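S.K.: What follows is the file target12.txt, containing compact mmCIF, C-alpha atoms:
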# COMPACT_ATOMS: atom_id res chain seq x y z
CA MET A 1 39.58 64.19 -11.91
CA GLN A 2 41.25 66.73 -9.64
CA ILE A 3 39.99 67.10 -6.08
CA LEU A 4 40.55 70.08 -3.82
CA LEU A 5 40.77 69.44 -0.09
CA THR A 6 40.30 71.90 2.76
CA ILE A 7 42.54 70.86 5.63
CA SER A 8 42.98 71.96 9.23
CA TYR A 9 45.90 70.96 11.41
CA ASP A 10 47.79 71.61 14.60
CA GLY A 11 51.31 72.26 13.35
CA THR A 12 53.05 71.74 16.69
CA ASN A 13 54.45 68.30 15.89
CA TYR A 14 55.33 68.94 12.25
CA ALA A 15 58.21 70.51 10.35
CA GLY A 16 55.74 72.59 8.36
CA TRP A 17 53.55 71.64 5.42
CA GLN A 18 56.13 70.59 2.83
CA ARG A 19 57.39 67.00 2.77
CA GLN A 20 61.00 66.67 3.98
CA GLU A 21 63.58 63.90 4.06
CA ASN A 22 64.61 64.14 7.70
CA ALA A 23 61.46 65.37 9.44
CA VAL A 24 57.74 64.67 9.49
CA ALA A 25 55.58 67.18 7.61
CA VAL A 26 51.82 67.55 7.15
CA GLN A 27 52.08 66.89 3.41
CA GLU A 28 53.65 63.50 4.09
CA LYS A 29 50.74 62.46 6.32
CA ILE A 30 48.16 63.57 3.74
CA GLU A 31 49.95 61.84 0.87
CA ASP A 32 50.44 58.63 2.84
CA ALA A 33 46.72 58.55 3.69
CA LEU A 34 45.72 59.14 0.08
CA THR A 35 48.17 56.50 -1.15
CA SER A 36 46.61 53.96 1.20
CA LEU A 37 43.16 54.96 0.02
CA LEU A 38 43.74 55.20 -3.72
CA TYR A 39 46.40 52.57 -4.36
CA THR A 40 45.66 49.85 -1.81
CA ALA A 41 46.65 47.12 -4.25
CA HIS A 42 49.92 48.79 -5.26
CA PRO A 43 51.08 50.95 -2.30
CA PHE A 44 54.76 50.57 -3.20
CA GLU A 45 54.34 51.18 -6.93
CA ARG A 46 52.22 54.34 -6.89
CA LYS A 47 52.25 57.32 -4.59
CA ALA A 48 49.60 60.02 -4.22
CA THR A 49 50.88 63.59 -4.46
CA VAL A 50 49.19 66.77 -3.31
CA LYS A 51 49.88 70.39 -4.23
CA ALA A 52 49.08 73.03 -1.62
CA CYS A 53 48.26 76.71 -1.78
CA SER A 54 50.70 77.61 1.02
CA ARG A 55 53.81 76.02 2.51
CA THR A 56 53.32 76.82 6.19
CA ASP A 57 56.43 76.77 8.38
CA ALA A 58 57.22 74.44 11.27
CA GLY A 59 54.83 74.99 14.16
CA VAL A 60 52.32 77.04 12.14
CA HIS A 61 48.69 75.92 12.25
CA ALA A 62 45.88 75.91 9.70
CA LEU A 63 42.11 76.08 9.68
CA GLY A 64 41.76 76.39 5.91
CA GLN A 65 44.80 75.02 4.10
CA ARG A 66 43.88 74.01 0.54
CA ALA A 67 45.57 71.20 -1.39
CA SER A 68 44.62 69.24 -4.49
CA PHE A 69 45.35 65.82 -5.97
CA PHE A 70 44.39 63.77 -9.01
CA ALA A 71 42.40 60.56 -8.73
CA ASP A 72 41.86 58.33 -11.77
CA ASP A 73 38.95 56.29 -10.46
CA LEU A 74 37.52 57.55 -7.19
CA LYS A 75 34.68 55.34 -5.99
CA ILE A 76 33.93 57.28 -2.81
CA PRO A 77 31.34 60.11 -2.92
CA LEU A 78 32.99 63.49 -2.41
CA ASP A 79 30.86 64.30 0.64
CA LYS A 80 32.09 61.10 2.31
CA LEU A 81 35.72 61.45 1.28
CA PRO A 82 36.83 63.63 4.24
CA ILE A 83 35.48 61.05 6.70
CA VAL A 84 37.36 58.23 4.97
CA ILE A 85 40.63 60.19 4.74
CA ASN A 86 40.40 61.27 8.37
CA GLY A 87 40.26 57.63 9.40
CA LEU A 88 43.80 57.31 8.02
CA LEU A 89 45.18 60.53 9.54
CA PRO A 90 46.52 61.38 13.00
CA GLN A 91 44.19 63.35 15.27
CA ASP A 92 46.05 66.63 14.77
CA ILE A 93 45.23 66.71 11.03
CA SER A 94 41.70 66.82 9.63
CA VAL A 95 40.24 67.08 6.12
CA ILE A 96 37.04 69.10 6.44
CA LYS A 97 35.93 69.39 2.81
CA ALA A 98 36.49 67.79 -0.61
CA GLU A 99 35.34 69.25 -3.93
CA GLU A 100 36.01 68.61 -7.60
CA VAL A 101 37.91 71.26 -9.58
CA SER A 102 39.02 71.50 -13.20
CA ASP A 103 42.14 69.64 -14.29
CA ASP A 104 43.97 72.91 -14.99
CA PHE A 105 43.25 74.31 -11.52
CA ASN A 106 46.32 75.26 -9.46
CA PRO A 107 45.74 75.69 -5.71
CA GLN A 108 48.72 78.03 -5.35
CA PHE A 109 48.52 80.29 -8.39
CA ASP A 110 44.72 80.44 -8.65
CA ALA A 111 44.31 81.74 -5.10
CA LYS A 112 42.83 85.25 -5.06
CA GLN A 113 43.33 86.00 -1.40
CA LYS A 114 44.63 84.42 1.80
CA THR A 115 43.71 85.23 5.38
CA TYR A 116 46.02 84.65 8.32
CA ILE A 117 45.37 85.18 12.02
CA TYR A 118 48.13 85.87 14.50
CA ASN A 119 47.27 85.20 18.16
CA TYR A 120 48.86 86.97 21.13
CA TYR A 121 48.15 86.09 24.76
CA ASN A 122 48.54 89.23 26.88
CA SER A 123 48.66 88.42 30.58
CA PRO A 124 51.16 88.61 33.45
CA PHE A 125 51.20 84.81 33.53
CA PRO A 126 51.29 82.25 30.70
CA ASN A 127 48.33 79.97 30.05
CA PRO A 128 49.49 76.36 29.46
CA LEU A 129 46.29 75.62 27.51
CA LEU A 130 47.06 78.39 24.99
CA SER A 131 50.85 78.14 24.77
CA ARG A 132 50.72 75.97 21.62
CA TYR A 133 48.48 78.46 19.81
CA SER A 134 49.57 81.97 20.78
CA ALA A 135 52.57 84.14 21.57
CA PHE A 136 52.81 85.00 25.26
CA VAL A 137 53.24 88.73 25.93
CA PRO A 138 53.45 89.66 29.65
CA GLU A 139 53.92 93.43 29.12
CA LYS A 140 50.90 95.74 29.08
CA LEU A 141 49.86 96.53 25.49
CA ASN A 142 48.33 99.63 23.94
CA ILE A 143 45.57 98.06 21.85
CA THR A 144 44.63 101.35 20.20
CA ALA A 145 48.20 101.74 18.92
CA MET A 146 48.18 98.17 17.62
CA GLN A 147 44.90 98.77 15.78
CA LYS A 148 46.26 101.95 14.22
CA ALA A 149 49.46 100.17 13.19
CA ALA A 150 47.55 97.31 11.56
CA LYS A 151 45.56 99.66 9.34
CA THR A 152 48.77 101.15 7.95
CA PHE A 153 49.56 97.93 6.07
CA VAL A 154 46.40 98.04 3.94
CA GLY A 155 47.06 98.75 0.27
CA LYS A 156 49.55 97.77 -2.40
CA HIS A 157 53.12 98.21 -1.17
CA ASP A 158 56.66 96.95 -1.53
CA PHE A 159 57.01 94.81 1.60
CA ALA A 160 60.77 94.22 1.37
CA ALA A 161 61.12 95.41 5.00
CA PHE A 162 58.78 92.61 6.07
CA CYS A 163 60.44 89.68 4.35
CA ALA A 164 62.95 87.29 5.92
CA THR A 165 66.03 86.20 4.05
CA GLY A 166 65.66 82.92 2.22
CA GLY A 167 62.54 83.75 0.24
CA SER A 168 62.40 83.08 -3.50
CA ALA A 169 59.74 85.61 -4.57
CA LYS A 170 60.45 87.48 -7.82
CA THR A 171 58.90 90.66 -6.44
CA THR A 172 58.31 91.95 -2.91
CA VAL A 173 55.20 93.92 -3.91
CA ARG A 174 51.99 92.60 -2.37
CA GLU A 175 48.47 93.93 -1.81
CA ILE A 176 46.84 93.82 1.63
CA PHE A 177 43.05 94.03 1.53
CA SER A 178 42.46 94.27 5.27
CA CYS A 179 44.45 94.18 8.50
CA PHE A 180 42.94 94.72 11.93
CA VAL A 181 43.41 93.87 15.60
CA VAL A 182 40.67 92.58 17.90
CA GLN A 183 40.93 92.13 21.67
CA LYS A 184 38.99 89.38 23.41
CA GLY A 185 39.95 89.70 27.04
CA GLU A 186 43.55 88.54 27.40
CA ALA A 187 43.50 87.12 23.85
CA ILE A 188 44.42 89.48 21.01
CA GLU A 189 44.06 88.62 17.32
CA MET A 190 45.64 90.27 14.32
CA CYS A 191 43.73 89.28 11.18
CA ILE A 192 45.30 90.04 7.81
CA THR A 193 44.02 89.31 4.29
CA GLY A 194 46.07 89.81 1.15
CA SER A 195 46.72 88.70 -2.40
CA GLY A 196 49.73 86.75 -1.17
CA PHE A 197 52.54 86.94 1.36
CA LEU A 198 56.32 86.88 1.39
CA TYR A 199 58.47 84.54 3.48
CA ASN A 200 57.67 85.23 7.16
CA MET A 201 55.83 88.41 6.13
CA VAL A 202 52.83 87.89 8.42
CA ARG A 203 55.00 87.05 11.42
CA ILE A 204 57.12 90.18 10.87
CA ILE A 205 54.02 92.36 10.47
CA ALA A 206 52.68 90.77 13.67
CA GLY A 207 55.96 91.68 15.38
CA THR A 208 55.75 95.25 14.12
CA VAL A 209 52.17 95.57 15.34
CA LEU A 210 53.29 94.17 18.71
CA TYR A 211 56.14 96.71 18.91
CA SER A 212 53.57 99.44 18.33
CA GLY A 213 51.59 98.12 21.27
CA LEU A 214 54.75 98.12 23.40
CA GLY A 215 55.68 101.67 22.37
CA LYS A 216 58.84 100.56 20.56
CA ILE A 217 57.55 101.64 17.14
CA SER A 218 55.13 104.48 16.50
CA PRO A 219 52.23 103.55 14.21
CA ASP A 220 52.95 106.83 12.38
CA ASP A 221 56.42 105.55 11.43
CA ILE A 222 55.27 102.37 9.73
CA GLY A 223 54.66 104.15 6.43
CA SER A 224 58.30 105.23 6.30
CA ILE A 225 59.45 101.73 7.27
CA ILE A 226 57.55 100.36 4.27
CA TYR A 227 58.98 103.11 2.03
CA LEU A 228 62.60 102.62 3.15
CA ARG A 229 62.37 98.82 2.68
CA ASP A 230 64.79 98.26 5.58
CA ARG A 231 64.14 95.03 7.49
CA ARG A 232 66.08 96.34 10.51
CA ARG A 233 63.49 99.06 11.14
CA ALA A 234 60.53 96.67 11.37
CA GLY A 235 59.52 94.54 14.35
CA LYS A 236 60.79 91.10 15.24
CA THR A 237 59.66 87.87 13.59
CA MET A 238 57.03 86.44 15.91
CA PRO A 239 57.16 82.76 16.91
CA PRO A 240 55.30 80.30 14.66
CA GLN A 241 52.79 78.91 17.16
CA GLY A 242 50.71 82.09 17.09
CA LEU A 243 50.12 81.91 13.34
CA VAL A 244 47.12 80.27 11.67
CA LEU A 245 46.33 80.02 7.96
CA ALA A 246 42.63 80.76 8.34
CA GLN A 247 41.15 80.88 4.83
CA VAL A 248 41.99 80.81 1.13
CA LYS A 249 39.61 82.13 -1.52
CA TYR A 250 39.65 81.39 -5.26
Would you kindly transcribe this structure into structure tokens?
M.R.:
Amino acid sequence: MQILLTISYDGTNYAGWQRQENAVAVQEKIEDALTSLLYTAHPFERKATVKACSRTDAGVHALGQRASFFADDLKIPLDKLPIVINGLLPQDISVIKAEEVSDDFNPQFDAKQKTYIYNYYNSPFPNPLLSRYSAFVPEKLNITAMQKAAKTFVGKHDFAAFCATGGSAKTTVREIFSCFVVQKGEAIEMCITGSGFLYNMVRIIAGTVLYSGLGKISPDDIGSIIYLRDRRRAGKTMPPQGLVLAQVKY
């Protein structure tokens, strides 16, 4: 049987989701926990493997990462499985749901939409309690301009101007279903939902929205930035700690 997990994690101490040889990743912790759970008698002969819907970068967080694995003979009820797995995980990683899916299910390619949240902290002084989870912006921001800029990204576009080098996507066309900015006192959230995202796309869009709030980019110019497909015209790539993979829908 194939089981789909919903996972939340603080990405501060990890080199991203994907397992790596010279750094600790979230995938490694999940797979090690599952190996201990599923193959207690043969931990060195068999290894559990998980396949995720999104390979988050170093320092990026998640509330709703989705990853699946196959289990030949699972004796633990699915509703109890998260509790058992969490007993084998560090405190900054938590499995919050487990559900059975078909054997041909693919958590990456079957995803219909993903939602990310980017968090800014807009204040003259940094907040040590929020520094791991938001980008500090001391300058005064024009929230109305940021909200207008965010709406410009909605629709099906070629997002080549919002893709960092190093990506392996066959096409840079993506569809954004919604993108909006909400202010909650000194905390500002950009929430974006789309069919999928390019390498660093959300962080570059977040940087472009920020530049609109700073008056460096006019919201009215974003359409032409998308059309010209020139990365140099868009905003900066925002730091990873402000980014959260919030939800994945199938």
S.K.: Compare A:Met146, A:Glu139, A:Gln247, A:Val101 by their minimum atom-to-atom distance to Ile7 of chain A, counting only C-alpha atoms, and give me the closest one.
M.R.: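 With only C-alpha atoms as the atom set, the closest residue is A:Gln247.
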S.K.: When you look at Val154 of chain A with a cut-off of 6 Å (counting all atoms listed in the file), what residues show up, excluding the ones that are within fewer than 5 positions of it in the same chain? I need them as a list in words.
M.R.: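 The residues that qualify are Ile176, Phe177 and Ser178 of chain A.
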S.K.: Mind checking which residues fall within 6 Å of segment 204-220 of chain A, counting only C-alpha atoms, ignoring those fewer than 4 positions away in the same chain, and posting them as a list in words?
M.R.: Leu141, Asn142, Ala145, Met146, Ala149, Phe162, Ala234, Gly235, Lys236, Thr237 and Met238 of chain A
S.K.: For atom CA of Lys112 of chain A and atom CA of Gln65 of chain A, quote the distance in Å rounded to one decimal.
M.R.: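 Separation of atom CA of Lys112 of chain A and atom CA of Gln65 of chain A: 13.9 Å.
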S.K.: Counting only C-alpha atoms, what are the residues of segment 82-167 of chain A within 7 Å of segment 193-202 of chain A, and for each of them which pair of atoms is the nearest and at what distance in Å, to one decimal? Sort the table by chain and rising number, as CSV.
M.R.:
residue,atom,partner,partner_atom,distance
A:Lys112,CA,A:Ser195,CA,5.8
A:Gln113,CA,A:Ser195,CA,4.4
A:Lys114,CA,A:Thr193,CA,5.5
A:Thr115,CA,A:Thr193,CA,4.2
A:Tyr116,CA,A:Thr193,CA,6.5
A:Phe162,CA,A:Met201,CA,5.1
A:Cys163,CA,A:Met201,CA,5.1
A:Ala164,CA,A:Tyr199,CA,5.8
A:Gly167,CA,A:Tyr199,CA,5.3
S.K.: Nearest residue to Val24 of chain A out of A:Ile188, A:Ile85, A:Ala58, A:Val181, using only C-alpha atoms?
M.R.: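 That would be A:Ala58, the residue with the smallest distance to Val24 of chain A.
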S.K.: Between A:Leu78, A:Val182, A:Val26, A:Ala52, which has the minimum distance to Tyr118 of chain A (counting only C-alpha atoms)?
M.R.: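 Going through A:Leu78, A:Val182, A:Val26, A:Ala52 one by one, the smallest distance to Tyr118 of chain A is for A:Val182.
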